[in-house]
$ cat entry.csv   # CSV, C-alpha atoms
chain,number,residue,atom,x,y,z
A,569,MET,CA,195.2,3.4,218.2
A,570,ASP,CA,196.3,5.8,220.9
A,571,THR,CA,193.0,7.8,221.5
A,572,SER,CA,195.0,10.5,223.2
A,573,THR,CA,196.3,11.6,219.8
A,574,ARG,CA,193.4,11.6,217.4
A,575,TYR,CA,193.8,13.9,214.4
A,576,PHE,CA,191.5,15.1,211.6
A,577,ASP,CA,193.1,12.5,209.3
A,578,ASP,CA,192.0,9.7,211.6
A,579,LEU,CA,188.3,10.3,211.1
A,580,LYS,CA,186.1,8.7,208.5
A,581,GLN,CA,182.8,9.8,207.2
A,582,SER,CA,179.8,8.0,208.8
A,583,GLU,CA,182.0,6.8,211.6
A,584,ARG,CA,180.2,6.6,215.0
A,585,PHE,CA,181.5,6.9,218.5
A,586,GLN,CA,179.8,5.9,221.7
A,587,SER,CA,180.7,7.9,224.9
A,588,ALA,CA,180.9,6.8,228.5
A,589,THR,CA,177.9,7.3,230.8
A,590,TYR,CA,177.4,10.4,233.0
A,591,ILE,CA,175.1,10.5,236.0
A,592,VAL,CA,173.3,13.8,236.4
A,593,SER,CA,172.6,14.4,240.1
A,594,GLY,CA,169.9,16.6,241.4
A,595,ALA,CA,172.5,18.6,243.2
A,596,ALA,CA,174.4,19.2,240.0
A,597,ILE,CA,171.2,20.3,238.2
A,598,ILE,CA,170.5,22.8,241.0
A,599,GLU,CA,174.1,24.1,241.1
A,600,PHE,CA,174.3,24.7,237.4
A,601,ALA,CA,170.9,26.4,237.5
A,602,ARG,CA,171.9,28.7,240.3
A,603,ARG,CA,174.9,29.9,238.3
A,604,PHE,CA,173.5,30.0,234.8
A,605,ASP,CA,169.8,29.3,234.5
A,606,PRO,CA,168.0,30.4,237.7
A,607,GLN,CA,164.5,29.3,236.8
A,608,ALA,CA,162.2,27.4,239.2
A,609,PHE,CA,162.0,24.2,237.1
A,610,HIS,CA,165.8,23.9,237.2
A,611,LEU,CA,166.3,25.2,240.7
A,612,GLU,CA,163.5,24.4,243.2
A,613,PRO,CA,162.3,20.8,243.4
A,614,GLU,CA,159.0,21.6,245.0
A,615,ARG,CA,158.0,24.5,242.8
A,616,ALA,CA,159.2,22.6,239.8
A,617,GLU,CA,156.4,20.1,240.3
A,618,GLN,CA,153.9,23.0,239.6
A,619,THR,CA,155.5,24.1,236.4
A,620,MET,CA,155.0,22.9,232.8
A,621,LEU,CA,158.0,20.6,233.2
A,622,LYS,CA,156.3,18.8,236.1
A,623,GLY,CA,159.5,18.3,238.1
A,624,LEU,CA,163.1,19.3,238.5
A,625,THR,CA,164.7,19.3,235.1
A,626,ALA,CA,168.3,20.1,234.0
A,627,SER,CA,168.8,23.3,232.1
A,628,GLY,CA,169.3,22.6,228.4
A,629,TRP,CA,172.7,24.4,228.6
A,630,HIS,CA,173.7,21.9,231.4
A,631,THR,CA,172.8,19.0,229.1
A,632,ALA,CA,174.8,20.7,226.3
A,633,ALA,CA,177.8,21.2,228.6
A,634,ILE,CA,177.7,17.5,229.8
A,635,THR,CA,177.4,16.5,226.1
A,636,MET,CA,180.6,18.5,225.4
A,637,ARG,CA,182.4,16.8,228.2
A,638,LEU,CA,181.4,13.3,227.0
A,639,PHE,CA,182.3,14.2,223.4
A,640,VAL,CA,185.7,15.7,224.3
A,641,GLU,CA,186.6,12.6,226.3
A,642,THR,CA,185.4,10.2,223.7
A,643,LEU,CA,187.1,11.8,220.6
A,644,SER,CA,190.1,13.0,222.5
A,645,PHE,CA,191.7,15.1,219.8
A,646,ALA,CA,195.5,15.6,220.2
A,647,GLU,CA,195.2,19.4,220.0
A,648,GLY,CA,191.6,19.8,220.9
A,649,ALA,CA,188.4,20.6,218.9
A,650,ILE,CA,187.4,24.3,218.5
A,651,GLY,CA,183.7,24.8,218.2
A,652,LEU,CA,182.8,26.8,215.1
A,653,GLY,CA,179.1,26.6,215.3
A,654,VAL,CA,176.1,24.6,216.3
A,655,ASP,CA,172.7,24.1,214.5
A,656,GLU,CA,169.5,22.4,215.3
A,657,LEU,CA,170.2,22.1,219.0
A,658,ARG,CA,167.0,20.5,220.5
A,659,TRP,CA,165.9,19.1,223.8
A,660,PRO,CA,163.0,16.7,223.0
A,661,ASN,CA,162.9,15.1,226.5
A,662,PRO,CA,163.7,16.4,230.0
A,663,VAL,CA,166.9,15.4,231.9
A,664,ARG,CA,165.8,14.5,235.5
A,665,PRO,CA,167.8,13.9,238.7
A,666,GLY,CA,169.7,10.6,238.6
A,667,ASP,CA,169.5,10.2,234.8
A,668,ALA,CA,172.4,8.5,233.2
A,669,VAL,CA,173.2,10.1,229.9
A,670,ARG,CA,175.6,9.3,227.1
A,671,VAL,CA,176.4,10.7,223.6
A,672,GLU,CA,176.6,9.1,220.2
A,673,THR,CA,178.7,11.1,217.8
A,674,GLU,CA,178.4,10.5,214.1
A,675,ILE,CA,180.9,12.0,211.6
A,676,ILE,CA,178.8,13.7,208.9
A,677,ASP,CA,181.3,15.4,206.8
A,678,LEU,CA,185.1,16.1,206.7
A,679,ARG,CA,186.8,18.9,204.8
A,680,ARG,CA,190.0,20.8,204.9
A,681,SER,CA,190.0,24.3,206.2
A,682,ARG,CA,190.6,26.8,203.4
A,683,SER,CA,192.0,29.5,205.8
A,684,ASN,CA,194.2,27.1,207.8
A,685,PRO,CA,195.7,24.2,205.8
A,686,ASN,CA,196.9,22.6,209.0
A,687,CYS,CA,193.3,22.0,210.1
A,688,GLY,CA,190.2,20.3,209.0
A,689,ILE,CA,186.6,21.0,209.7
A,690,VAL,CA,184.5,18.1,211.1
A,691,ARG,CA,180.8,18.3,210.7
A,692,LEU,CA,179.1,15.9,213.2
A,693,ARG,CA,175.9,15.0,214.9
A,694,ASN,CA,175.7,14.5,218.6
A,695,VAL,CA,172.7,12.6,220.0
A,696,THR,CA,172.4,12.5,223.8
A,697,THR,CA,170.2,9.8,225.3
A,698,ASN,CA,169.1,8.7,228.8
A,699,GLN,CA,169.1,5.3,230.5
A,700,ARG,CA,165.8,4.4,228.7
A,701,GLY,CA,167.2,5.3,225.3
A,702,GLU,CA,165.1,8.5,225.1
A,703,ILE,CA,166.7,11.3,223.2
A,704,VAL,CA,167.3,14.3,225.5
A,705,GLN,CA,169.4,16.4,223.1
A,706,THR,CA,170.4,16.5,219.5
A,707,MET,CA,172.7,18.9,217.6
A,708,LEU,CA,174.7,19.4,214.5
A,709,ALA,CA,178.1,20.9,215.1
A,710,SER,CA,181.2,22.0,213.2
A,711,VAL,CA,184.5,21.8,214.9
A,712,LEU,CA,188.0,22.7,213.8
A,713,VAL,CA,190.6,19.9,214.4
A,714,VAL,CA,194.3,19.8,213.7
A,715,ARG,CA,195.6,17.6,210.9
A,716,ARG,CA,198.4,15.0,211.4
A,717,ARG,CA,201.8,16.4,210.5
A,718,PRO,CA,205.0,14.5,209.8
A,719,PHE,CA,206.8,14.1,213.1
A,720,GLY,CA,209.5,16.7,213.6
A,721,ILE,CA,208.2,19.1,211.0
A,722,THR,CA,207.0,22.4,212.5
A,723,THR,CA,204.5,24.2,210.5
A,724,GLN,CA,203.2,27.7,211.0
A,725,HIS,CA,199.7,28.8,211.4
A,726,PRO,CA,198.7,31.6,209.0
A,727,ARG,CA,197.6,34.8,210.8
B,462,MET,CA,155.9,47.4,234.5
B,463,ASP,CA,156.9,44.8,237.1
B,464,THR,CA,159.6,42.9,235.3
B,465,SER,CA,159.3,40.0,237.7
B,466,THR,CA,156.0,39.1,236.0
B,467,ARG,CA,156.6,39.3,232.3
B,468,TYR,CA,154.3,37.2,230.2
B,469,PHE,CA,154.1,36.2,226.6
B,470,ASP,CA,151.5,38.9,226.0
B,471,ASP,CA,153.9,41.6,227.2
B,472,LEU,CA,156.3,41.1,224.3
B,473,LYS,CA,156.2,42.9,221.0
B,474,GLN,CA,157.8,41.9,217.7
B,475,SER,CA,161.2,43.7,217.1
B,476,GLU,CA,161.4,44.7,220.8
B,477,ARG,CA,165.0,44.8,222.1
B,478,PHE,CA,166.3,44.2,225.6
B,479,GLN,CA,169.8,45.0,226.9
B,480,SER,CA,171.2,42.8,229.7
B,481,ALA,CA,173.4,43.7,232.6
B,482,THR,CA,177.2,43.1,232.2
B,483,TYR,CA,178.9,39.9,233.4
B,484,ILE,CA,182.6,39.7,234.1
B,485,VAL,CA,184.2,36.4,233.0
B,486,SER,CA,187.1,35.7,235.3
B,487,GLY,CA,190.0,33.4,234.3
B,488,ALA,CA,189.2,31.2,237.3
B,489,ALA,CA,185.6,30.8,236.1
B,490,ILE,CA,186.8,29.9,232.6
B,491,ILE,CA,189.1,27.2,234.0
B,492,GLU,CA,186.5,25.9,236.5
B,493,PHE,CA,183.9,25.5,233.8
B,494,ALA,CA,186.4,23.8,231.5
B,495,ARG,CA,187.5,21.4,234.1
B,496,ARG,CA,183.9,20.2,234.5
B,497,PHE,CA,182.6,20.4,231.0
B,498,ASP,CA,185.2,21.1,228.3
B,499,PRO,CA,188.6,19.9,229.5
B,500,GLN,CA,190.8,21.1,226.6
B,501,ALA,CA,194.1,23.0,226.9
B,502,PHE,CA,192.9,26.3,225.4
B,503,HIS,CA,190.1,26.5,228.0
B,504,LEU,CA,192.0,25.0,231.0
B,505,GLU,CA,195.8,25.7,231.0
B,506,PRO,CA,196.9,29.3,230.5
B,507,GLU,CA,200.4,28.5,229.4
B,508,ARG,CA,199.6,25.7,227.0
B,509,ALA,CA,196.7,27.8,225.7
B,510,GLU,CA,199.3,30.3,224.3
B,511,GLN,CA,200.6,27.5,222.0
B,512,THR,CA,197.2,26.6,220.6
B,513,MET,CA,195.2,27.9,217.7
B,514,LEU,CA,193.3,30.2,220.1
B,515,LYS,CA,196.6,31.8,221.2
B,516,GLY,CA,195.6,32.2,224.9
B,517,LEU,CA,193.1,31.1,227.5
B,518,THR,CA,189.6,31.2,226.0
B,519,ALA,CA,186.2,30.4,227.5
B,520,SER,CA,184.4,27.3,226.3
B,521,GLY,CA,181.7,28.3,223.9
B,522,TRP,CA,179.3,26.4,226.2
B,523,HIS,CA,180.4,28.6,229.0
B,524,THR,CA,179.6,31.7,226.9
B,525,ALA,CA,176.2,30.1,226.1
B,526,ALA,CA,175.5,29.5,229.8
B,527,ILE,CA,176.5,33.0,230.8
B,528,THR,CA,174.2,34.3,227.9
B,529,MET,CA,171.3,32.3,229.4
B,530,ARG,CA,171.9,33.8,232.8
B,531,LEU,CA,171.9,37.3,231.4
B,532,PHE,CA,168.8,36.6,229.2
B,533,VAL,CA,166.8,35.0,232.1
B,534,GLU,CA,167.6,37.9,234.4
B,535,THR,CA,166.8,40.5,231.8
B,536,LEU,CA,163.5,39.1,230.5
B,537,SER,CA,162.4,37.7,233.9
B,538,PHE,CA,159.4,35.7,232.8
B,539,ALA,CA,156.8,35.1,235.5
B,540,GLU,CA,156.8,31.3,235.0
B,541,GLY,CA,160.1,30.9,233.2
B,542,ALA,CA,161.2,30.4,229.6
B,543,ILE,CA,161.6,26.8,228.5
B,544,GLY,CA,164.1,26.4,225.7
B,545,LEU,CA,162.6,24.5,222.7
B,546,GLY,CA,165.6,24.8,220.4
B,547,VAL,CA,168.6,26.9,219.2
B,548,ASP,CA,169.9,27.4,215.7
B,549,GLU,CA,172.8,29.2,214.2
B,550,LEU,CA,174.8,29.2,217.5
B,551,ARG,CA,178.2,30.8,216.6
B,552,TRP,CA,181.3,32.1,218.4
B,553,PRO,CA,182.9,34.6,216.1
B,554,ASN,CA,185.4,35.9,218.6
B,555,PRO,CA,187.0,34.4,221.7
B,556,VAL,CA,186.0,35.3,225.3
B,557,ARG,CA,189.2,36.0,227.3
B,558,PRO,CA,189.8,36.3,231.1
B,559,GLY,CA,188.4,39.6,232.4
B,560,ASP,CA,186.1,40.2,229.5
B,561,ALA,CA,182.8,42.0,230.4
B,562,VAL,CA,180.0,40.5,228.3
B,563,ARG,CA,176.4,41.5,227.8
B,564,VAL,CA,173.5,40.3,225.7
B,565,GLU,CA,171.1,42.1,223.5
B,566,THR,CA,167.8,40.2,222.9
B,567,GLU,CA,165.7,40.9,219.9
B,568,ILE,CA,162.2,39.5,219.7
B,569,ILE,CA,161.9,38.1,216.2
B,570,ASP,CA,158.5,36.4,216.2
B,571,LEU,CA,155.6,35.7,218.5
B,572,ARG,CA,153.0,33.0,218.1
B,573,ARG,CA,150.6,31.0,220.2
B,574,SER,CA,151.4,27.4,221.0
B,575,ARG,CA,149.1,25.1,219.2
B,576,SER,CA,149.6,22.2,221.7
B,577,ASN,CA,149.3,24.4,224.7
B,578,PRO,CA,146.9,27.4,224.5
B,579,ASN,CA,148.1,28.8,227.8
B,580,CYS,CA,151.6,29.4,226.2
B,581,GLY,CA,153.2,31.3,223.4
B,582,ILE,CA,156.4,30.6,221.5
B,583,VAL,CA,158.9,33.4,221.3
B,584,ARG,CA,161.5,33.4,218.6
B,585,LEU,CA,164.4,35.6,219.5
B,586,ARG,CA,168.0,36.5,218.6
B,587,ASN,CA,170.6,36.8,221.4
B,588,VAL,CA,173.8,38.6,220.5
B,589,THR,CA,176.6,38.5,223.1
B,590,THR,CA,179.3,41.2,222.9
B,591,ASN,CA,182.4,42.1,224.9
B,592,GLN,CA,183.6,45.4,226.4
B,593,ARG,CA,184.9,46.4,222.9
B,594,GLY,CA,181.6,45.7,221.2
B,595,GLU,CA,183.0,42.6,219.5
B,596,ILE,CA,180.5,39.9,219.0
B,597,VAL,CA,181.5,36.8,220.9
B,598,GLN,CA,178.3,34.7,220.3
B,599,THR,CA,175.1,34.8,218.3
B,600,MET,CA,172.1,32.5,218.3
B,601,LEU,CA,168.5,32.1,217.3
B,602,ALA,CA,166.3,30.5,220.0
B,603,SER,CA,162.7,29.5,220.5
B,604,VAL,CA,161.4,29.5,224.0
B,605,LEU,CA,158.0,28.6,225.5
B,606,VAL,CA,156.5,31.3,227.7
B,607,VAL,CA,153.2,31.3,229.7
B,608,ARG,CA,150.5,33.7,228.6
B,609,ARG,CA,148.9,36.2,230.9
B,610,ARG,CA,145.7,34.9,232.5
B,611,PRO,CA,142.8,36.7,234.2
B,612,PHE,CA,143.7,36.9,237.9
B,613,GLY,CA,142.0,34.2,239.9
B,614,ILE,CA,141.2,32.0,237.0
B,615,THR,CA,143.1,28.7,237.2
B,616,THR,CA,143.6,27.0,233.9
B,617,GLN,CA,144.8,23.5,233.3
B,618,HIS,CA,147.7,22.5,231.1
B,619,PRO,CA,146.8,19.8,228.7
B,620,ARG,CA,148.8,16.6,229.1
$ encode --input "entry.csv" --output "structure tokens"
Amino acid sequence: MDTSTRYFDDLKQSERFQSATYIVSGAAIIEFARRFDPQAFHLEPERAEQTMLKGLTASGWHTAAITMRLFVETLSFAEGAIGLGVDELRWPNPVRPGDAVRVETEIIDLRRSRSNPNCGIVRLRNVTTNQRGEIVQTMLASVLVVRRRPFGITTQHPR
Amino acid sequence: MDTSTRYFDDLKQSERFQSATYIVSGAAIIEFARRFDPQAFHLEPERAEQTMLKGLTASGWHTAAITMRLFVETLSFAEGAIGLGVDELRWPNPVRPGDAVRVETEIIDLRRSRSNPNCGIVRLRNVTTNQRGEIVQTMLASVLVVRRRPFGITTQHPR
């Protein structure tokens, strides 16, 4: 199967996907924090030691963004996956400089979109783990994905 | 009140905070997408016109990261706010190049941490709007925040 053209119809309930590995450098942790989450435990290695997190730790939003990157590359939907919503986003363990994280995606539920018959809604669980198998993030997400259409037939999206 | 030293004890239930405004440039949308969410509607202005989103749109994770930035700067906790979890994260309207977004934070609930008596858990709602007042993101979050301690008394965090 050409993974560059995955459509809604290609997915099966309970199917699981394993992503590649992504190394989270200390420099990347600090850069993300400077832009989006400027707090000492994400930004300043020495001060971070004195905080509740006891050392430099990636922002949870950085972990979430890396998870999206790994998810998008693994599932590789032909026309993309539009996030509708996320629930139960949790960060049970810290991401530290040098950690190698990866994502397992499990397809929880598949249903057609009522408002857009060309699309389906995929309910999925993404679990992000580090090199020791510790869970650093979990979430449930719903994404909108285009359905496979007969080649050459152009359909219109309702407005 | 010195907003650079806000503690758990300074917050009141139902209190609301209004952030500054943050301009989301097209270049920033594309840069974030290249790193974390490489899909056409976040990355390629011309192809984005042909997608379901009908134009270049910020990744939801970019909006979430910007929201964190505005929240952190507005609440400005003395020892930071550690994210415990997020629920009901939704993106009801797209963020487009040039949009000016801001965040309203409402304190929903305040309770002491059972595992760490020096801390409190803040349950809050963050609503992110654009320059037309349209809601571009909502979420419920729980964050861990340090309690105010008598000056000069050093307490230990339990391990």
$ atom_distance --input "entry.csv" --atom1 "atom CA of Leu611 of chain A" --atom2 "atom CA of Arg467 of chain B"
19.1 Å
$ closest_residue --input "entry.csv" --among "B:Thr524, B:Thr518, B:Glu565, B:Leu531" --to "Ile650 of chain A" --atoms "only C-alpha atoms"
B:Thr518
$ interface_residues --input "entry.csv" --of "chain A" --to "chain B" --cutoff "6 Å" --atoms "only C-alpha atoms" --output "VMD selection string"
chain A and resid 604 to 605 607 629 633 to 634 637 648 653 to 658
$ atom_distance --input "entry.csv" --atom1 "atom CA of Asp667 of chain A" --atom2 "atom CA of Ser582 of chain A"
28.1 Å
$ residues_near_point --input "entry.csv" --point "(168.6, 6.6, 227.2)" --cutoff "12 Å" --atoms "only C-alpha atoms" --output "list of chain:residue names"
A:Thr589, A:Tyr590, A:Ile591, A:Asn661, A:Pro662, A:Val663, A:Arg664, A:Asp667, A:Ala668, A:Val669, A:Arg670, A:Val671, A:Glu672, A:Val695, A:Thr696, A:Thr697, A:Asn698, A:Gln699, A:Arg700, A:Gly701, A:Glu702, A:Ile703, A:Val704, A:Gln705
$ residues_near_point --input "entry.csv" --point "(181.8, 15.2, 212.6)" --cutoff "9 Å" --atoms "all atoms listed in the file" --output "PyMOL selection string"
chain A and resi 579-583+673-678+689-694+708-711
$ residues_around --input "entry.csv" --residues "Glu507 of chain B" --least-positions-apart "2" --cutoff "8 Å" --atoms "only C-alpha atoms" --output "PDB file with C-alpha atoms, keeping the file's coordinate frame"
ATOM      1  CA  GLU B 505     195.800  25.700 231.000  1.00  0.00           C
ATOM      2  CA  ALA B 509     196.700  27.800 225.700  1.00  0.00           C
ATOM      3  CA  GLU B 510     199.300  30.300 224.300  1.00  0.00           C
ATOM      4  CA  GLN B 511     200.600  27.500 222.000  1.00  0.00           C
ATOM      5  CA  GLY B 516     195.600  32.200 224.900  1.00  0.00           C
ATOM      6  CA  LEU B 517     193.100  31.100 227.500  1.00  0.00           C
TER       7      LEU B 517
END
$ atom_distance --input "entry.csv" --atom1 "atom CA of Ile490 of chain B" --atom2 "atom CA of Asp578 of chain A"
29.6 Å
$ decode --input "entry.csv" --residues "segment 647-670 of chain A" --atoms "C-alpha atoms" --output "CSV table (one decimal), in the first residue's frame"
chain,number,residue,atom,x,y,z
A,647,GLU,CA,-5.4,15.0,1.9
A,648,GLY,CA,-4.4,15.5,5.5
A,649,ALA,CA,-6.1,15.0,8.9
A,650,ILE,CA,-7.9,18.0,10.4
A,651,GLY,CA,-8.1,18.0,14.1
A,652,LEU,CA,-11.6,18.3,15.5
A,653,GLY,CA,-10.8,18.0,19.1
A,654,VAL,CA,-8.7,16.3,21.8
A,655,ASP,CA,-9.7,14.9,25.2
A,656,GLU,CA,-7.8,13.4,28.1
A,657,LEU,CA,-4.5,15.0,27.1
A,658,ARG,CA,-2.1,13.9,30.0
A,659,TRP,CA,1.6,14.1,30.6
A,660,PRO,CA,2.4,11.4,33.2
A,661,ASN,CA,6.2,11.6,32.9
A,662,PRO,CA,8.6,14.3,31.9
A,663,VAL,CA,10.4,14.6,28.6
A,664,ARG,CA,14.1,15.3,29.2
A,665,PRO,CA,16.9,16.5,26.9
A,666,GLY,CA,18.1,13.6,24.7
A,667,ASP,CA,14.9,11.5,25.1
A,668,ALA,CA,13.9,9.5,22.1
A,669,VAL,CA,10.1,9.5,21.8
A,670,ARG,CA,7.7,7.6,19.6
